>>> print(open('work.cif').read())   # mmCIF, C-alpha atoms
data_target
loop_
_atom_site.group_PDB
_atom_site.id
_atom_site.type_symbol
_atom_site.label_atom_id
_atom_site.label_comp_id
_atom_site.auth_asym_id
_atom_site.auth_seq_id
_atom_site.Cartn_x
_atom_site.Cartn_y
_atom_site.Cartn_z
ATOM 1 C CA ARG A 1 121.292 96.102 113.181
ATOM 2 C CA PHE A 2 119.077 95.208 110.276
ATOM 3 C CA LEU A 3 116.227 92.829 109.535
ATOM 4 C CA HIS A 4 116.685 91.072 106.183
ATOM 5 C CA LEU A 5 113.540 89.842 104.418
ATOM 6 C CA ARG A 6 113.014 88.065 101.116
ATOM 7 C CA CYS A 7 109.487 87.822 99.717
ATOM 8 C CA LEU A 8 107.930 86.480 96.552
ATOM 9 C CA HIS A 9 104.838 88.309 95.341
ATOM 10 C CA LEU A 10 102.412 86.541 93.006
ATOM 11 C CA ALA A 11 99.895 87.797 90.448
ATOM 12 C CA ASP A 12 97.388 85.255 89.117
ATOM 13 C CA ARG A 13 99.451 82.613 90.974
ATOM 14 C CA ALA A 14 102.585 83.401 88.937
ATOM 15 C CA PRO A 15 105.749 85.089 90.242
ATOM 16 C CA TYR A 16 105.421 88.832 89.817
ATOM 17 C CA GLN A 17 108.078 90.329 92.077
ATOM 18 C CA TYR A 18 110.971 89.033 94.158
ATOM 19 C CA GLU A 19 111.601 91.436 97.027
ATOM 20 C CA ASP A 20 114.927 91.575 98.863
ATOM 21 C CA ARG A 21 114.605 94.092 101.709
ATOM 22 C CA TRP A 22 116.740 95.393 104.573
ATOM 23 C CA ILE A 23 115.038 97.292 107.417
ATOM 24 C CA ASN A 24 117.018 99.426 109.849
ATOM 25 C CA LEU A 25 116.040 98.219 113.342
ATOM 26 C CA GLU A 26 117.262 101.441 114.934
ATOM 27 C CA ALA A 27 114.744 103.377 112.829
ATOM 28 C CA VAL A 28 111.902 100.851 113.145
ATOM 29 C CA PRO A 29 112.432 98.680 116.253
ATOM 30 C CA ASP A 30 108.825 97.373 116.331
ATOM 31 C CA VAL A 31 109.318 95.552 113.040
ATOM 32 C CA GLU A 32 111.133 92.647 114.733
ATOM 33 C CA ALA A 33 107.872 91.426 116.274
ATOM 34 C CA ILE A 34 105.868 91.416 113.024
ATOM 35 C CA ASP A 35 104.787 88.175 111.347
ATOM 36 C CA PHE A 36 105.019 89.031 107.651
ATOM 37 C CA ARG A 37 103.029 85.990 106.564
ATOM 38 C CA GLY A 38 99.871 88.065 107.058
ATOM 39 C CA VAL A 39 101.022 91.469 105.809
ATOM 40 C CA GLY A 40 103.709 92.505 103.332
ATOM 41 C CA PRO A 41 106.687 94.494 104.608
ATOM 42 C CA ASN A 42 105.881 97.452 102.356
ATOM 43 C CA GLU A 43 102.283 97.629 103.590
ATOM 44 C CA TRP A 44 103.413 97.470 107.217
ATOM 45 C CA LEU A 45 106.130 100.086 106.738
ATOM 46 C CA VAL A 46 103.789 102.534 104.970
ATOM 47 C CA ALA A 47 101.348 102.273 107.889
ATOM 48 C CA ASN A 48 103.929 102.292 110.695
ATOM 49 C CA ALA A 49 107.128 104.002 109.534
ATOM 50 C CA PRO A 50 106.388 107.089 107.445
ATOM 51 C CA PHE A 51 109.345 108.376 105.479
ATOM 52 C CA SER A 52 110.430 111.898 104.640
ATOM 53 C CA THR A 53 112.666 111.176 101.639
ATOM 54 C CA ALA A 54 112.890 108.392 99.061
ATOM 55 C CA GLU A 55 115.306 107.584 96.285
ATOM 56 C CA TYR A 56 114.285 105.318 93.386
ATOM 57 C CA ALA A 57 116.358 103.601 90.698
ATOM 58 C CA PHE A 58 115.037 101.490 87.810
ATOM 59 C CA PHE A 59 117.251 99.367 85.564
ATOM 60 C CA ALA A 60 117.724 96.127 83.661
ATOM 61 C CA ALA A 61 119.910 93.418 85.153
ATOM 62 C CA ALA A 62 120.771 89.741 84.790
ATOM 63 C CA ALA A 63 118.857 87.475 87.174
ATOM 64 C CA SER A 64 120.988 86.104 89.993
ATOM 65 C CA THR A 65 120.654 82.442 90.965
ATOM 66 C CA GLU A 66 118.272 83.350 93.798
ATOM 67 C CA GLU A 67 116.187 85.762 91.686
ATOM 68 C CA ALA A 68 115.973 83.330 88.777
ATOM 69 C CA SER A 69 114.844 80.499 91.035
ATOM 70 C CA ALA A 70 112.155 82.651 92.671
ATOM 71 C CA LEU A 71 110.852 84.093 89.396
ATOM 72 C CA GLY A 72 111.036 80.850 87.423
ATOM 73 C CA VAL A 73 113.424 82.173 84.765
ATOM 74 C CA PRO A 74 116.876 80.944 83.707
ATOM 75 C CA GLU A 75 119.815 82.352 85.652
ATOM 76 C CA GLY A 76 121.231 85.357 83.827
ATOM 77 C CA SER A 77 117.912 86.183 82.163
ATOM 78 C CA PRO A 78 117.156 89.858 81.768
ATOM 79 C CA VAL A 79 115.019 91.182 84.615
ATOM 80 C CA PHE A 80 113.540 94.562 85.482
ATOM 81 C CA VAL A 81 114.754 95.907 88.829
ATOM 82 C CA GLY A 82 113.511 98.725 91.006
ATOM 83 C CA GLU A 83 115.480 99.792 94.047
ATOM 84 C CA ARG A 84 114.183 102.166 96.697
ATOM 85 C CA LEU A 85 115.910 103.662 99.721
ATOM 86 C CA THR A 86 113.770 105.578 102.225
ATOM 87 C CA TRP A 87 114.736 107.837 105.125
ATOM 88 C CA LEU A 88 113.085 109.556 108.049
ATOM 89 C CA ALA A 89 115.089 112.777 108.319
ATOM 90 C CA ARG A 90 118.716 111.544 108.173
ATOM 91 C CA ARG A 91 118.005 108.005 109.360
ATOM 92 C CA PRO A 92 117.646 105.302 106.682
ATOM 93 C CA ILE A 93 114.533 103.177 107.157
ATOM 94 C CA THR A 94 114.659 100.548 104.441
ATOM 95 C CA LEU A 95 116.455 99.508 101.282
ATOM 96 C CA VAL A 96 114.520 97.236 98.943
ATOM 97 C CA ARG A 97 115.435 95.595 95.642
ATOM 98 C CA MET A 98 112.343 94.533 93.679
ATOM 99 C CA THR A 99 113.114 92.190 90.799
ATOM 100 C CA HIS A 100 110.532 91.413 88.116
ATOM 101 C CA PRO A 101 110.464 88.940 85.219
ATOM 102 C CA PRO A 102 111.414 90.329 81.790
ATOM 103 C CA THR A 103 107.755 90.740 80.835
ATOM 104 C CA HIS A 104 107.233 93.463 83.474
ATOM 105 C CA ARG A 105 106.361 96.977 82.319
ATOM 106 C CA VAL A 106 106.138 100.277 84.131
ATOM 107 C CA ILE A 107 103.650 102.836 82.836
ATOM 108 C CA THR A 108 103.244 106.349 84.198
ATOM 109 C CA ARG A 109 100.684 108.998 83.325
ATOM 110 C CA LEU A 110 100.715 112.697 84.095
#
>>> encode(input="work.cif", output="structure tokens")
Amino acid sequence: RFLHLRCLHLADRAPYQYEDRWINLEAVPDVEAIDFRGVGPNEWLVANAPFSTAEYAFFAAAASTEEASALGVPEGSPVFVGERLTWLARRPITLVRMTHPPTHRVITRL
């Protein structure tokens, strides 16, 4: 069983990230009782469901109808996508697809 959440994150009142997340209820049964209007799923999971392994993927894609509507861009527009799958030992915790408008940038420093 899984909990499926969709969230729109804003920055300066503009769409910044559309989050499409699945949470494994066998790994995190307490999540069913959480009201995510007051706390984001990622924040709650970091505090309540520590993970041992994570896999990240970053890529360009064409905005789906749902993503385009949420982000305020035309369907098929290029978007920046990050996907993350986390586990606790061998049990998957969550899979999240984070879609950003084409203006999004990722910068890393070492």
>>> atom_distance(input="work.cif", atom1="atom CA of Asn24 of chain A", atom2="atom CA of Gly40 of chain A")
16.4 Å
>>> closest_residue(input="work.cif", among="A:His100, A:Arg105, A:Arg37, A:Arg91", to="Ala68 of chain A", atoms="all atoms listed in the file")
A:His100
>>> resolve_selection(input="work.cif", expression="the PyMOL selection byres ((chain A and resi 51) around 8)", output="PyMOL selection string")
chain A and resi 49-50+52-54+86-89+93
>>> closest_residue(input="work.cif", among="A:Val73, A:Ala60, A:Ile107, A:Val96", to="Leu3 of chain A", atoms="all atoms listed in the file")
A:Val96
>>> resolve_selection(input="work.cif", expression="the PyMOL selection byres ((chain A and resi 31) around 9)", output="list in words")
Leu3, Ile23, Leu25, Val28, Pro29, Asp30, Glu32, Ala33, Ile34, Asp35, Pro41, Trp44, Leu45 and Asn48 of chain A
>>> resolve_selection(input="work.cif", expression="the PyMOL selection byres ((chain A and resi 20) around 10)", output="PyMOL selection string")
chain A and resi 4-8+17-19+21-22+67+83+95-99
>>> write_last_selection(input="work.cif", atoms="C-alpha atoms", output="mmCIF file, in the frame of the given file")
data_model
loop_
_atom_site.group_PDB
_atom_site.id
_atom_site.type_symbol
_atom_site.label_atom_id
_atom_site.label_comp_id
_atom_site.auth_asym_id
_atom_site.auth_seq_id
_atom_site.Cartn_x
_atom_site.Cartn_y
_atom_site.Cartn_z
ATOM 1 C CA HIS A 4 116.685 91.072 106.183
ATOM 2 C CA LEU A 5 113.540 89.842 104.418
ATOM 3 C CA ARG A 6 113.014 88.065 101.116
ATOM 4 C CA CYS A 7 109.487 87.822 99.717
ATOM 5 C CA LEU A 8 107.930 86.480 96.552
ATOM 6 C CA GLN A 17 108.078 90.329 92.077
ATOM 7 C CA TYR A 18 110.971 89.033 94.158
ATOM 8 C CA GLU A 19 111.601 91.436 97.027
ATOM 9 C CA ARG A 21 114.605 94.092 101.709
ATOM 10 C CA TRP A 22 116.740 95.393 104.573
ATOM 11 C CA GLU A 67 116.187 85.762 91.686
ATOM 12 C CA GLU A 83 115.480 99.792 94.047
ATOM 13 C CA LEU A 95 116.455 99.508 101.282
ATOM 14 C CA VAL A 96 114.520 97.236 98.943
ATOM 15 C CA ARG A 97 115.435 95.595 95.642
ATOM 16 C CA MET A 98 112.343 94.533 93.679
ATOM 17 C CA THR A 99 113.114 92.190 90.799
#
>>> atom_distance(input="work.cif", atom1="atom CA of Ser77 of chain A", atom2="atom CA of His104 of chain A")
13.0 Å
>>> residues_around(input="work.cif", residues="Gly76 of chain A", least_positions_apart="3", cutoff="7 Å", atoms="all atoms listed in the file", output="list in words")
Ala62, Ala63 and Ser64 of chain A
>>> atom_distance(input="work.cif", atom1="atom CA of Leu110 of chain A", atom2="atom CA of Tyr16 of chain A")
25.0 Å
>>> closest_residue(input="work.cif", among="A:Val79, A:Ala47, A:Leu85, A:Val39", to="His9 of chain A", atoms="all atoms listed in the file")
A:Val39
>>> closest_residue(input="work.cif", among="A:Arg84, A:Tyr56, A:Val106, A:Gly72", to="Asn42 of chain A", atoms="only C-alpha atoms")
A:Arg84
